[in-house]
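J.: What follows is query_8.txt; its format and atoms are compact mmCIF, C-alpha atoms.
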```txt
# COMPACT_ATOMS: atom_id res chain seq x y z
CA THR A 1 0.00 0.00 0.00
CA GLY A 2 1.07 3.60 -0.44
CA ILE A 3 0.06 7.20 -0.03
CA VAL A 4 1.08 10.66 -1.21
CA ARG A 5 0.14 13.69 0.89
CA GLY A 6 1.36 17.12 1.85
CA ASP A 7 4.45 17.01 4.05
CA PRO A 8 3.40 18.37 7.47
CA LEU A 9 6.99 19.33 8.28
CA SER A 10 7.68 21.02 4.96
CA PRO A 11 4.64 22.64 3.28
CA GLN A 12 6.52 23.05 -0.02
CA ASN A 13 6.96 19.29 -0.28
CA TYR A 14 4.91 16.21 -0.89
CA GLN A 15 5.52 13.14 1.26
CA GLY A 16 5.28 9.70 -0.33
CA GLY A 17 5.18 6.45 1.56
CA ALA A 18 4.93 2.72 0.83
CA ILE A 19 4.33 -0.21 3.16
CA LEU A 20 4.84 -3.89 2.38
CA THR A 21 2.59 -6.08 4.52
CA GLU A 22 2.46 -9.84 5.01
CA VAL A 23 -1.25 -10.45 4.48
CA ALA A 24 -1.43 -13.74 6.40
CA THR A 25 -0.12 -12.19 9.62
CA ASN A 26 -0.90 -8.52 8.92
CA SER A 27 2.67 -7.71 9.90
CA ILE A 28 4.74 -4.96 8.28
CA VAL A 29 7.69 -6.41 6.39
CA TRP A 30 9.14 -3.18 5.00
CA ASN A 31 8.35 0.52 4.74
CA TRP A 32 9.73 3.46 2.83
CA SER A 33 9.12 7.19 2.74
CA ILE A 34 10.34 10.10 0.68
CA SER A 35 9.82 13.86 0.73
CA VAL A 36 10.08 15.72 -2.58
CA PRO A 37 9.41 19.32 -3.64
CA ARG A 38 5.91 19.77 -5.03
CA ASP A 39 7.19 21.12 -8.35
CA GLN A 40 9.46 18.08 -8.77
CA LEU A 41 6.55 15.68 -8.33
CA THR A 42 4.10 17.59 -10.53
CA ARG A 43 6.38 18.30 -13.48
CA ARG A 44 6.65 15.87 -16.37
CA GLY A 45 8.45 12.70 -15.37
CA GLY A 46 8.24 13.43 -11.65
CA VAL A 47 5.97 10.53 -10.75
CA ASP A 48 8.02 8.22 -12.98
CA ALA A 49 11.20 9.17 -11.12
CA ILE A 50 9.61 8.24 -7.78
CA SER A 51 8.34 4.98 -9.28
CA ARG A 52 11.83 4.09 -10.46
CA GLU A 53 13.20 4.62 -6.96
CA LEU A 54 10.55 2.33 -5.51
CA ILE A 55 11.14 -0.33 -8.16
CA LEU A 56 14.89 -0.18 -7.55
CA LEU A 57 14.34 -0.90 -3.86
CA LEU A 58 11.78 -3.67 -4.35
CA GLY A 59 12.60 -5.20 -7.73
CA GLY A 60 16.05 -6.65 -7.10
CA THR A 61 16.87 -10.02 -5.56
CA ARG A 62 18.49 -8.29 -2.58
CA GLY A 63 15.27 -6.54 -1.59
CA PRO A 64 12.72 -7.30 1.16
CA LEU A 65 10.52 -9.48 -1.07
CA HIS A 66 13.15 -12.21 -0.83
CA ASP A 67 13.98 -12.07 2.90
CA ARG A 68 12.09 -15.27 3.63
CA ALA A 69 13.95 -17.18 0.89
CA ARG A 70 17.33 -15.93 2.16
CA GLU A 71 16.39 -16.95 5.70
CA LEU A 72 15.43 -20.45 4.51
CA LEU A 73 18.65 -20.84 2.52
CA SER A 74 20.80 -19.61 5.41
CA GLN A 75 19.41 -22.37 7.63
CA GLY A 76 21.07 -25.14 5.61
CA SER A 77 20.50 -27.63 2.81
CA ILE A 78 17.42 -27.55 0.60
CA ALA A 79 18.07 -31.00 -0.88
CA GLY A 80 14.84 -32.30 -2.37
CA ARG A 81 13.25 -28.84 -2.37
CA GLU A 82 15.27 -27.25 -5.18
CA ASN A 83 13.45 -24.94 -7.55
CA PHE A 84 14.32 -22.28 -10.10
CA TYR A 85 13.56 -19.42 -7.71
CA LEU A 86 15.65 -20.70 -4.79
CA CYS A 87 18.60 -21.40 -7.10
CA GLY A 88 18.38 -17.78 -8.26
CA VAL A 89 18.40 -16.42 -4.71
CA LEU A 90 21.36 -18.70 -3.91
CA PHE A 91 23.24 -17.21 -6.84
CA SER A 92 22.52 -13.72 -5.48
CA MET A 93 23.92 -14.83 -2.11
CA TYR A 94 27.00 -16.19 -3.89
CA ARG A 95 27.44 -12.81 -5.58
CA THR A 96 27.42 -11.21 -2.13
CA THR A 97 30.41 -13.15 -0.78
CA GLY A 98 31.93 -15.03 -3.74
CA SER A 99 32.56 -17.98 -1.42
CA VAL A 100 33.41 -21.48 -2.62
CA GLY A 101 30.73 -22.93 -0.36
CA LEU A 102 27.94 -20.88 -1.92
CA ALA A 103 29.23 -21.58 -5.42
CA GLU A 104 28.95 -25.29 -4.70
CA ARG A 105 25.47 -24.82 -3.23
CA VAL A 106 24.39 -23.13 -6.46
CA ARG A 107 25.75 -26.06 -8.46
CA SER A 108 24.01 -28.53 -6.17
CA CYS A 109 20.73 -26.63 -6.45
CA VAL A 110 20.91 -26.59 -10.26
CA ALA A 111 21.71 -30.32 -10.31
CA GLY A 112 18.49 -30.92 -8.38
CA LEU A 113 16.31 -29.08 -10.90
CA PRO A 114 14.18 -30.87 -13.49
CA GLU A 115 15.91 -30.98 -16.87
CA SER A 116 13.37 -28.55 -18.33
CA GLU A 117 14.42 -25.90 -15.77
CA ARG A 118 18.13 -26.56 -16.25
CA ASP A 119 17.67 -25.49 -19.88
CA ASN A 120 16.47 -22.05 -18.76
CA GLY A 121 18.62 -19.16 -20.00
CA ASN A 122 19.15 -17.78 -16.49
CA VAL A 123 20.37 -21.16 -15.22
CA ILE A 124 22.75 -21.63 -18.14
CA ALA A 125 24.13 -18.09 -17.74
CA GLY A 126 24.66 -18.55 -14.00
CA MET A 127 26.55 -21.79 -14.53
CA ALA A 128 28.64 -20.14 -17.26
CA SER A 129 29.64 -17.41 -14.81
CA LEU A 130 30.67 -19.97 -12.18
CA ILE A 131 32.84 -21.73 -14.75
CA ALA A 132 34.44 -18.48 -15.93
CA GLU A 133 35.12 -17.24 -12.40
CA GLY A 134 36.61 -20.56 -11.30
CA VAL A 135 35.13 -20.42 -7.79
CA GLY A 136 34.53 -23.94 -6.51
CA GLU A 137 35.37 -25.23 -9.95
CA GLY A 138 34.03 -28.78 -9.59
CA ASP A 139 34.50 -30.71 -12.84
CA ASN A 140 36.42 -27.77 -14.30
CA ALA A 141 39.22 -27.85 -11.72
CA LEU A 142 41.80 -29.04 -14.24
CA LEU A 143 40.92 -26.53 -16.96
CA THR A 144 43.17 -23.58 -17.72
CA LEU A 145 41.72 -20.08 -17.56
CA ASP A 146 41.54 -19.92 -21.37
CA ASP A 147 39.68 -23.23 -21.49
CA ARG A 148 37.26 -22.08 -18.78
CA LEU A 149 36.54 -18.85 -20.60
CA ALA A 150 35.99 -20.70 -23.89
CA GLU A 151 33.54 -23.11 -22.27
CA ALA A 152 31.76 -20.24 -20.49
CA ASP A 153 31.54 -18.27 -23.74
CA GLU A 154 29.85 -21.20 -25.49
CA LEU A 155 27.37 -21.62 -22.64
CA MET A 156 26.66 -17.88 -22.54
CA ASP A 157 25.77 -17.88 -26.23
CA ARG A 158 23.28 -20.66 -25.48
CA ALA A 159 21.85 -18.64 -22.59
CA VAL A 160 21.26 -15.57 -24.75
CA LEU A 161 19.54 -17.70 -27.40
CA ALA A 162 17.40 -19.38 -24.74
CA ASP A 163 16.27 -16.11 -23.11
CA PRO A 164 17.24 -12.98 -25.07
CA THR A 165 15.06 -10.71 -22.89
CA SER A 166 16.55 -11.69 -19.51
CA SER A 167 18.40 -8.90 -17.71
CA PHE A 168 20.25 -11.51 -15.65
CA VAL A 169 21.50 -13.28 -18.79
CA TRP A 170 22.78 -10.04 -20.31
CA GLU A 171 24.47 -9.10 -17.01
CA GLN A 172 26.38 -12.41 -17.05
CA ARG A 173 27.17 -11.89 -20.75
CA ALA A 174 28.60 -8.46 -19.90
CA ARG A 175 30.71 -9.82 -17.03
CA LEU A 176 32.16 -12.51 -19.28
CA ASP A 177 32.87 -10.06 -22.11
CA GLU A 178 34.67 -7.89 -19.56
CA MET A 179 36.78 -10.89 -18.47
CA LEU A 180 37.57 -11.56 -22.13
CA GLY A 181 38.80 -7.97 -22.55
CA LEU A 182 35.95 -7.10 -24.95
CA HIS A 183 35.20 -3.81 -23.26
CA ASP A 184 33.03 -2.16 -25.92
CA ILE A 185 30.91 -5.29 -26.25
CA ALA A 186 30.67 -5.54 -22.45
CA GLU A 187 29.41 -1.95 -22.28
CA SER A 188 26.70 -2.77 -24.79
CA ALA A 189 25.67 -5.88 -22.83
CA TYR A 190 25.52 -3.96 -19.53
CA GLY A 191 23.34 -1.37 -21.26
CA THR A 192 20.97 -4.09 -22.48
CA ALA A 193 20.76 -5.67 -19.01
CA LEU A 194 19.83 -2.35 -17.39
CA GLN A 195 17.42 -1.37 -20.13
CA ILE A 196 15.52 -4.63 -19.68
CA ASN A 197 15.46 -4.33 -15.88
CA PRO A 198 16.54 -1.02 -14.29
CA SER A 199 16.24 -2.65 -10.85
CA ASN A 200 19.03 -5.16 -11.56
CA ILE A 201 21.27 -3.67 -8.90
CA ASP A 202 24.12 -6.15 -9.37
CA ALA A 203 24.25 -5.18 -13.06
CA MET A 204 24.30 -1.52 -12.05
CA ALA A 205 27.19 -2.08 -9.61
CA ALA A 206 29.15 -4.28 -12.04
CA HIS A 207 28.66 -1.70 -14.78
CA ALA A 208 29.90 1.00 -12.41
CA ARG A 209 33.11 -0.94 -11.75
CA HIS A 210 33.64 -1.43 -15.48
CA LEU A 211 33.05 2.27 -16.18
CA ALA A 212 35.72 3.12 -13.59
CA LEU A 213 38.21 0.75 -15.21
CA ILE A 214 37.68 2.26 -18.67
CA GLY A 215 38.21 5.82 -17.46
CA ARG A 216 34.67 7.05 -16.75
CA LEU A 217 35.00 7.46 -13.00
CA ASP A 218 32.40 10.24 -12.58
CA ALA A 219 29.63 8.16 -14.14
CA ALA A 220 30.90 5.10 -12.28
CA THR A 221 30.74 6.85 -8.91
CA ARG A 222 27.13 7.96 -9.43
CA ALA A 223 26.05 4.45 -10.42
CA ALA A 224 27.94 2.79 -7.56
CA GLN A 225 26.45 5.09 -4.94
CA ARG A 226 22.99 4.50 -6.37
CA ALA A 227 23.51 0.75 -6.11
CA ILE A 228 24.87 0.94 -2.55
CA SER A 229 22.02 3.17 -1.36
CA SER A 230 19.43 0.78 -2.83
CA VAL A 231 20.54 -2.30 -0.90
CA PRO A 232 20.06 -3.08 2.82
CA GLN A 233 23.34 -2.69 4.68
CA THR A 234 23.54 -6.42 5.41
CA GLN A 235 23.13 -7.23 1.73
CA ILE A 236 25.78 -4.94 0.21
CA PRO A 237 28.46 -7.07 -1.51
CA ASP A 238 32.04 -6.06 -0.74
CA TRP A 239 32.83 -5.56 -4.44
CA TYR A 240 30.31 -2.69 -4.57
CA TYR A 241 32.98 -0.66 -2.71
CA CYS A 242 35.66 -0.92 -5.42
CA VAL A 243 34.41 2.20 -7.20
CA PRO A 244 34.05 4.29 -4.00
CA SER A 245 37.65 3.30 -3.19
CA MET A 246 38.84 4.53 -6.60
CA ALA A 247 36.88 7.78 -6.19
CA ALA A 248 38.33 8.39 -2.71
CA LEU A 249 41.81 7.66 -4.05
CA TYR A 250 41.46 10.30 -6.77
CA GLU A 251 40.12 12.76 -4.19
CA ALA A 252 43.22 12.08 -2.00
CA GLU A 253 40.98 10.75 0.79
CA TYR A 254 43.49 8.01 1.46
CA HIS A 255 42.20 6.57 4.73
CA ARG A 256 38.68 6.30 3.30
CA ALA A 257 40.10 4.79 0.10
CA LEU A 258 41.98 2.20 2.14
CA SER A 259 38.88 1.25 4.14
CA TYR A 260 36.85 0.77 0.95
CA ALA A 261 39.72 -1.06 -0.76
CA ASP A 262 39.92 -3.58 2.09
CA ARG A 263 36.24 -4.40 1.49
CA CYS A 264 36.74 -4.50 -2.27
CA ALA A 265 39.65 -6.95 -1.91
CA ARG A 266 37.49 -9.50 -0.09
CA SER A 267 35.73 -10.24 -3.40
CA ASP A 268 37.89 -8.61 -6.08
CA VAL A 269 41.36 -9.44 -4.83
CA GLU A 270 43.12 -8.08 -7.94
CA LEU A 271 41.64 -4.59 -7.95
CA GLY A 272 41.17 -4.37 -4.19
CA SER A 273 44.77 -5.24 -3.30
CA ILE A 274 46.11 -2.73 -5.83
CA LEU A 275 43.82 0.05 -4.56
CA ALA A 276 44.76 -0.75 -0.95
CA LEU A 277 48.46 -0.42 -1.75
CA LEU A 278 47.98 2.91 -3.56
CA ALA A 279 45.86 4.22 -0.70
CA ALA A 280 48.44 3.05 1.85
CA GLN A 281 51.14 4.98 0.00
CA GLY A 282 48.93 8.05 0.11
CA THR A 283 48.72 7.89 3.91
CA GLY A 284 52.52 8.13 4.12
CA ASP A 285 52.61 5.30 6.66
CA ALA A 286 55.44 2.93 5.67
CA GLY A 287 54.13 0.24 7.98
CA VAL A 288 50.77 0.20 6.24
CA VAL A 289 52.51 0.00 2.86
CA ASP A 290 54.61 -2.94 4.07
CA ARG A 291 51.45 -4.78 5.11
CA GLN A 292 49.68 -4.17 1.81
CA LEU A 293 52.49 -5.05 -0.61
CA PRO A 294 52.49 -8.83 0.08
CA ARG A 295 48.75 -8.94 -0.62
CA VAL A 296 49.43 -7.73 -4.16
CA LEU A 297 52.37 -10.05 -4.78
CA GLU A 298 50.42 -13.10 -3.56
CA VAL A 299 47.50 -12.73 -6.03
CA PRO A 300 47.64 -15.92 -8.15
CA SER A 301 46.64 -14.24 -11.43
CA PHE A 302 49.39 -11.64 -10.98
CA ARG A 303 51.95 -14.38 -10.37
CA GLN A 304 50.83 -16.20 -13.51
CA ALA A 305 50.79 -13.24 -15.89
CA GLY A 306 52.61 -10.32 -14.27
CA ILE A 307 50.81 -7.51 -12.46
CA LEU A 308 50.62 -4.90 -15.22
CA PRO A 309 49.73 -7.31 -18.06
CA ARG A 310 46.82 -8.61 -15.97
CA MET A 311 45.59 -5.12 -15.06
CA ARG A 312 45.85 -4.03 -18.71
CA GLU A 313 43.42 -6.84 -19.51
CA ARG A 314 40.94 -5.40 -17.01
CA ALA A 315 41.46 -1.67 -17.47
CA THR A 316 41.78 0.59 -20.50
CA ASP A 317 42.29 3.78 -18.48
CA LEU A 318 45.94 4.60 -19.24
CA ALA A 319 46.17 7.10 -16.39
CA LEU A 320 45.04 4.42 -13.93
CA ILE A 321 47.55 1.90 -15.31
CA GLU A 322 50.36 4.46 -15.06
CA ARG A 323 49.38 5.29 -11.49
CA ILE A 324 49.43 1.58 -10.61
CA ALA A 325 52.83 1.11 -12.26
CA THR A 326 54.32 4.13 -10.47
CA GLY A 327 52.91 3.06 -7.12
CA LEU A 328 54.21 -0.48 -7.44
CA ARG A 329 57.70 0.70 -8.42
CA GLU A 330 57.78 3.09 -5.47
CA ALA A 331 56.74 0.20 -3.20
CA GLY A 332 59.78 -1.75 -4.40
CA VAL A 333 58.19 -4.29 -6.76
CA PRO A 334 60.86 -5.58 -9.18
CA GLU A 335 60.39 -4.65 -12.84
CA THR A 336 60.27 -8.32 -13.80
CA SER A 337 57.34 -8.94 -11.49
CA LEU A 338 55.54 -5.93 -12.88
CA ASN A 339 55.67 -7.16 -16.46
CA SER A 340 56.02 -10.94 -16.42
CA ARG A 341 55.12 -13.98 -14.36
CA TYR A 342 57.02 -14.58 -11.17
```
Once more with this new file: its structure as structure tokens, please.
T.:
Amino acid sequence: TGIVRGDPLSPQNYQGGAILTEVATNSIVWNWSISVPRDQLTRRGGVDAISRELILLLGGTRGPLHDRARELLSQGSIAGRENFYLCGVLFSMYRTTGSVGLAERVRSCVAGLPESERDNGNVIAGMASLIAEGVGEGDNALLTLDDRLAEADELMDRAVLADPTSSFVWEQRARLDEMLGLHDIAESAYGTALQINPSNIDAMAAHARHLALIGRLDAATRAAQRAISSVPQTQIPDWYYCVPSMAALYEAEYHRALSYADRCARSDVELGSILALLAAQGTGDAGVVDRQLPRVLEVPSFRQAGILPRMRERATDLALIERIATGLREAGVPETSLNSRY
């Protein structure tokens, strides 16, 4: 239910409110309110803007409509009760932490689905992402990164053919294209995902991170903050904070950048560890720098390819790459480790 009325505390404003109620128990599950200037609400597009805010809060898988499913899944195994919806919520929970355990639970859930549901585009796309990301690799444990990406690419093409109007499918397509270094194609896929479903908050946050890596930090910061503000605090994935860390770094807010980078690194160890080192250098505290440097050097993908070659695959912003290179050299990283495997 909802209402719009004059704001008793601010006569020049309208106050809007929405309440989500569990009908069976008549208990309030969630509520929301907003105060907007009267001219903003009455001009063309004003009501639509408020509607979009409400949809963003309610339409995503991290919103209050799915609290009961998350509670059920957090209690343990759902063996024998698997269904398409619960597998989807599990995947959202995996995206929150990126843990091996949740990746395996997603795989187990999908394995328990009827064959007709396993052929769904969303299911295929989710499995393709797990293969590409190599978290809890299962049968793909012996595959090289190139082989994983090739297999994921083939599956993702199937997913798009199976459900070409799924925002989730296009989000996974965009993530994979980004991993493949196809940045222009990834941008197009992110745009499609968000056009189909503007309340796909994970797509919004992932797009924000990609925008930051291709040199569009201002747009990235706006999108990242919008995503963060639309998710309950307990549901915000750590990787949402990669862009705020980059923004704080460019604003020379080094302690804030370091705090955000530490959260970023829990899920995105490549970008997060680099940002943490750069922020540590900005604080001028040699001890903090000494603690952050090993985190960078221990990243497996950096050891396999060299730090700069790997970051050049992820980022096209030359100024960012140069700042990373300068920071690593100043921290004492050998030139060979910067540019080749070690």
J.: Quick one: contact table of region 99-204 of chain A to region 219-233 of chain A, 12 Å max, nearest atom pair and distance in Å to one decimal per residue, counting all atoms listed in the file, chain and number order, as a Markdown table?
T.:
```
| residue | atom | partner | partner_atom | distance |
| --- | --- | --- | --- | --- |
| A:Leu194 | CA | A:Ala223 | CA | 11.6 |
| A:Pro198 | CA | A:Ala227 | CA | 10.9 |
| A:Ser199 | CA | A:Ser230 | CA | 9.3 |
| A:Asn200 | CA | A:Ala227 | CA | 9.2 |
| A:Ile201 | CA | A:Ala227 | CA | 5.7 |
| A:Asp202 | CA | A:Ala227 | CA | 7.7 |
| A:Ala203 | CA | A:Ala227 | CA | 9.2 |
| A:Met204 | CA | A:Ala227 | CA | 6.4 |
```
J.: Suppose you want the space between CA of Ala208 (chain A) and CA of Ala186 (chain A); what is it in Å?
T.: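 Separating CA of Ala208 (chain A) from CA of Ala186 (chain A) is a distance of 12.0 Å.
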J.: Could you tell me, as a PyMOL selection string, which residues have any atom at most 6 Å from (7.1, -0.6, 6.2), counting only C-alpha atoms?
T.: chain A and resi 19-20+28-32
J.: Skipping near chain neighbours, those fewer than 3 positions away, what residues fall within 12 Å of Glu335 (chain A) using only C-alpha atoms, listed as a JSON list (two decimals) with C-alpha atoms, in the coordinates of the input?
T.:
```
[["chain", "number", "residue", "atom", "x", "y", "z"],
["A", 306, "GLY", "CA", 52.61, -10.32, -14.27],
["A", 307, "ILE", "CA", 50.81, -7.51, -12.46],
["A", 308, "LEU", "CA", 50.62, -4.90, -15.22],
["A", 325, "ALA", "CA", 52.83, 1.11, -12.26],
["A", 326, "THR", "CA", 54.32, 4.13, -10.47],
["A", 328, "LEU", "CA", 54.21, -0.48, -7.44],
["A", 329, "ARG", "CA", 57.70, 0.70, -8.42],
["A", 330, "GLU", "CA", 57.78, 3.09, -5.47],
["A", 331, "ALA", "CA", 56.74, 0.20, -3.20],
["A", 332, "GLY", "CA", 59.78, -1.75, -4.40],
["A", 338, "LEU", "CA", 55.54, -5.93, -12.88],
["A", 339, "ASN", "CA", 55.67, -7.16, -16.46],
["A", 340, "SER", "CA", 56.02, -10.94, -16.42],
["A", 341, "ARG", "CA", 55.12, -13.98, -14.36],
["A", 342, "TYR", "CA", 57.02, -14.58, -11.17]]
```
J.: So that I can see what lies close to Ala159 (chain A), please list as a ChimeraX atom specification the residues with an atom at most 10 Å from it, counting all atoms listed in the file and leaving out residues fewer than 3 positions away in the same chain.
T.: /A:119-128,153-156,162-164,166,169-170,172-173
J.: Find, counting all atoms listed in the file, the residue in A:Thr234, A:Gly17, A:Glu22, A:Gly287 that gets nearest to Ile50 (chain A).
T.: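 Looking only at the distances to Ile50 (chain A), the closest residue turns out to be A:Gly17.
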J.: So what do you get for CA of Ala18 (chain A) versus CA of Asp67 (chain A), distance-wise?
T.: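 Distance between the two atoms: 17.5 Å.
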J.: How close does each residue of region 8-72 of chain A get to region 76-87 of chain A, giving the shortest atom pair and distance in Å to one decimal for every residue with an atom at most 10 Å away, counting all atoms listed in the file, sorted by chain and residue number, as a Markdown table?
T.:
```
| residue | atom | partner | partner_atom | distance |
| --- | --- | --- | --- | --- |
| A:His66 | CA | A:Leu86 | CA | 9.7 |
| A:Ala69 | CA | A:Leu86 | CA | 6.9 |
| A:Arg70 | CA | A:Leu86 | CA | 8.6 |
| A:Glu71 | CA | A:Gly76 | CA | 9.4 |
| A:Leu72 | CA | A:Gly76 | CA | 7.4 |
```
J.: Point out the residue among A:Leu278, A:Met179, A:Leu90, A:Ala286 with the least atom-to-atom distance to Arg312 (chain A), counting all atoms listed in the file.
T.: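 Among the listed residues, A:Met179 lies closest to Arg312 (chain A).
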J.: Please compute the CA of Asp262 (chain A)-CA of Ala279 (chain A) distance, one decimal, in Å.
T.: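 The value is 10.2 Å.
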J.: Neighbours of Tyr94 (chain A) within 10 Å (all atoms listed in the file; same-chain residues fewer than 4 positions away dropped), as a JSON list (two decimals) with C-alpha atoms, in the coordinates of the input?
T.:
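What landed in selection34.json:
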```
[["chain", "number", "residue", "atom", "x", "y", "z"],
["A", 88, "GLY", "CA", 18.38, -17.78, -8.26],
["A", 89, "VAL", "CA", 18.40, -16.42, -4.71],
["A", 90, "LEU", "CA", 21.36, -18.70, -3.91],
["A", 98, "GLY", "CA", 31.93, -15.03, -3.74],
["A", 99, "SER", "CA", 32.56, -17.98, -1.42],
["A", 100, "VAL", "CA", 33.41, -21.48, -2.62],
["A", 101, "GLY", "CA", 30.73, -22.93, -0.36],
["A", 102, "LEU", "CA", 27.94, -20.88, -1.92],
["A", 103, "ALA", "CA", 29.23, -21.58, -5.42],
["A", 104, "GLU", "CA", 28.95, -25.29, -4.70],
["A", 105, "ARG", "CA", 25.47, -24.82, -3.23],
["A", 106, "VAL", "CA", 24.39, -23.13, -6.46],
["A", 130, "LEU", "CA", 30.67, -19.97, -12.18],
["A", 135, "VAL", "CA", 35.13, -20.42, -7.79],
["A", 237, "PRO", "CA", 28.46, -7.07, -1.51]]
```
J.: With N, CA, C and O atoms as the target, complete region 234-248 of chain A and hand it back as a JSON list (two decimals), in the coordinates of the input.
T.:
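The resulting file, result_25.json, is shown below:
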```json
[["chain", "number", "residue", "atom", "x", "y", "z"],
["A", 234, "THR", "N", 23.07, -5.04, 5.25],
["A", 234, "THR", "CA", 23.54, -6.42, 5.41],
["A", 234, "THR", "C", 23.65, -7.16, 4.08],
["A", 234, "THR", "O", 24.19, -8.26, 4.04],
["A", 235, "GLN", "N", 23.13, -6.56, 3.02],
["A", 235, "GLN", "CA", 23.13, -7.23, 1.73],
["A", 235, "GLN", "C", 24.13, -6.65, 0.73],
["A", 235, "GLN", "O", 24.25, -7.12, -0.39],
["A", 236, "ILE", "N", 24.86, -5.61, 1.14],
["A", 236, "ILE", "CA", 25.78, -4.94, 0.21],
["A", 236, "ILE", "C", 27.02, -5.81, -0.02],
["A", 236, "ILE", "O", 27.78, -6.07, 0.92],
["A", 237, "PRO", "N", 27.25, -6.29, -1.24],
["A", 237, "PRO", "CA", 28.46, -7.07, -1.51],
["A", 237, "PRO", "C", 29.70, -6.20, -1.37],
["A", 237, "PRO", "O", 29.69, -5.01, -1.67],
["A", 238, "ASP", "N", 30.80, -6.82, -0.94],
["A", 238, "ASP", "CA", 32.04, -6.06, -0.74],
["A", 238, "ASP", "C", 32.53, -5.43, -2.04],
["A", 238, "ASP", "O", 33.09, -4.33, -2.02],
["A", 239, "TRP", "N", 32.31, -6.09, -3.18],
["A", 239, "TRP", "CA", 32.83, -5.56, -4.44],
["A", 239, "TRP", "C", 32.11, -4.29, -4.88],
["A", 239, "TRP", "O", 32.63, -3.58, -5.75],
["A", 240, "TYR", "N", 30.97, -3.97, -4.28],
["A", 240, "TYR", "CA", 30.31, -2.69, -4.57],
["A", 240, "TYR", "C", 31.21, -1.51, -4.18],
["A", 240, "TYR", "O", 31.04, -0.39, -4.68],
["A", 241, "TYR", "N", 32.17, -1.75, -3.24],
["A", 241, "TYR", "CA", 32.98, -0.66, -2.71],
["A", 241, "TYR", "C", 34.26, -0.43, -3.51],
["A", 241, "TYR", "O", 35.05, 0.46, -3.15],
["A", 242, "CYS", "N", 34.46, -1.15, -4.61],
["A", 242, "CYS", "CA", 35.66, -0.92, -5.42],
["A", 242, "CYS", "C", 35.64, 0.48, -6.03],
["A", 242, "CYS", "O", 36.65, 1.19, -6.02],
["A", 243, "VAL", "N", 34.50, 0.88, -6.57],
["A", 243, "VAL", "CA", 34.41, 2.20, -7.20],
["A", 243, "VAL", "C", 34.53, 3.32, -6.16],
["A", 243, "VAL", "O", 35.29, 4.28, -6.38],
["A", 244, "PRO", "N", 33.82, 3.26, -5.01],
["A", 244, "PRO", "CA", 34.05, 4.29, -4.00],
["A", 244, "PRO", "C", 35.51, 4.39, -3.57],
["A", 244, "PRO", "O", 36.00, 5.48, -3.27],
["A", 245, "SER", "N", 36.23, 3.26, -3.54],
["A", 245, "SER", "CA", 37.65, 3.30, -3.19],
["A", 245, "SER", "C", 38.43, 4.07, -4.25],
["A", 245, "SER", "O", 39.29, 4.91, -3.91],
["A", 246, "MET", "N", 38.15, 3.81, -5.52],
["A", 246, "MET", "CA", 38.84, 4.53, -6.60],
["A", 246, "MET", "C", 38.53, 6.02, -6.53],
["A", 246, "MET", "O", 39.42, 6.86, -6.71],
["A", 247, "ALA", "N", 37.26, 6.37, -6.27],
["A", 247, "ALA", "CA", 36.88, 7.78, -6.19],
["A", 247, "ALA", "C", 37.60, 8.47, -5.03],
["A", 247, "ALA", "O", 38.12, 9.59, -5.17],
["A", 248, "ALA", "N", 37.64, 7.81, -3.87],
["A", 248, "ALA", "CA", 38.33, 8.39, -2.71],
["A", 248, "ALA", "C", 39.82, 8.54, -2.98],
["A", 248, "ALA", "O", 40.45, 9.52, -2.55]]
```
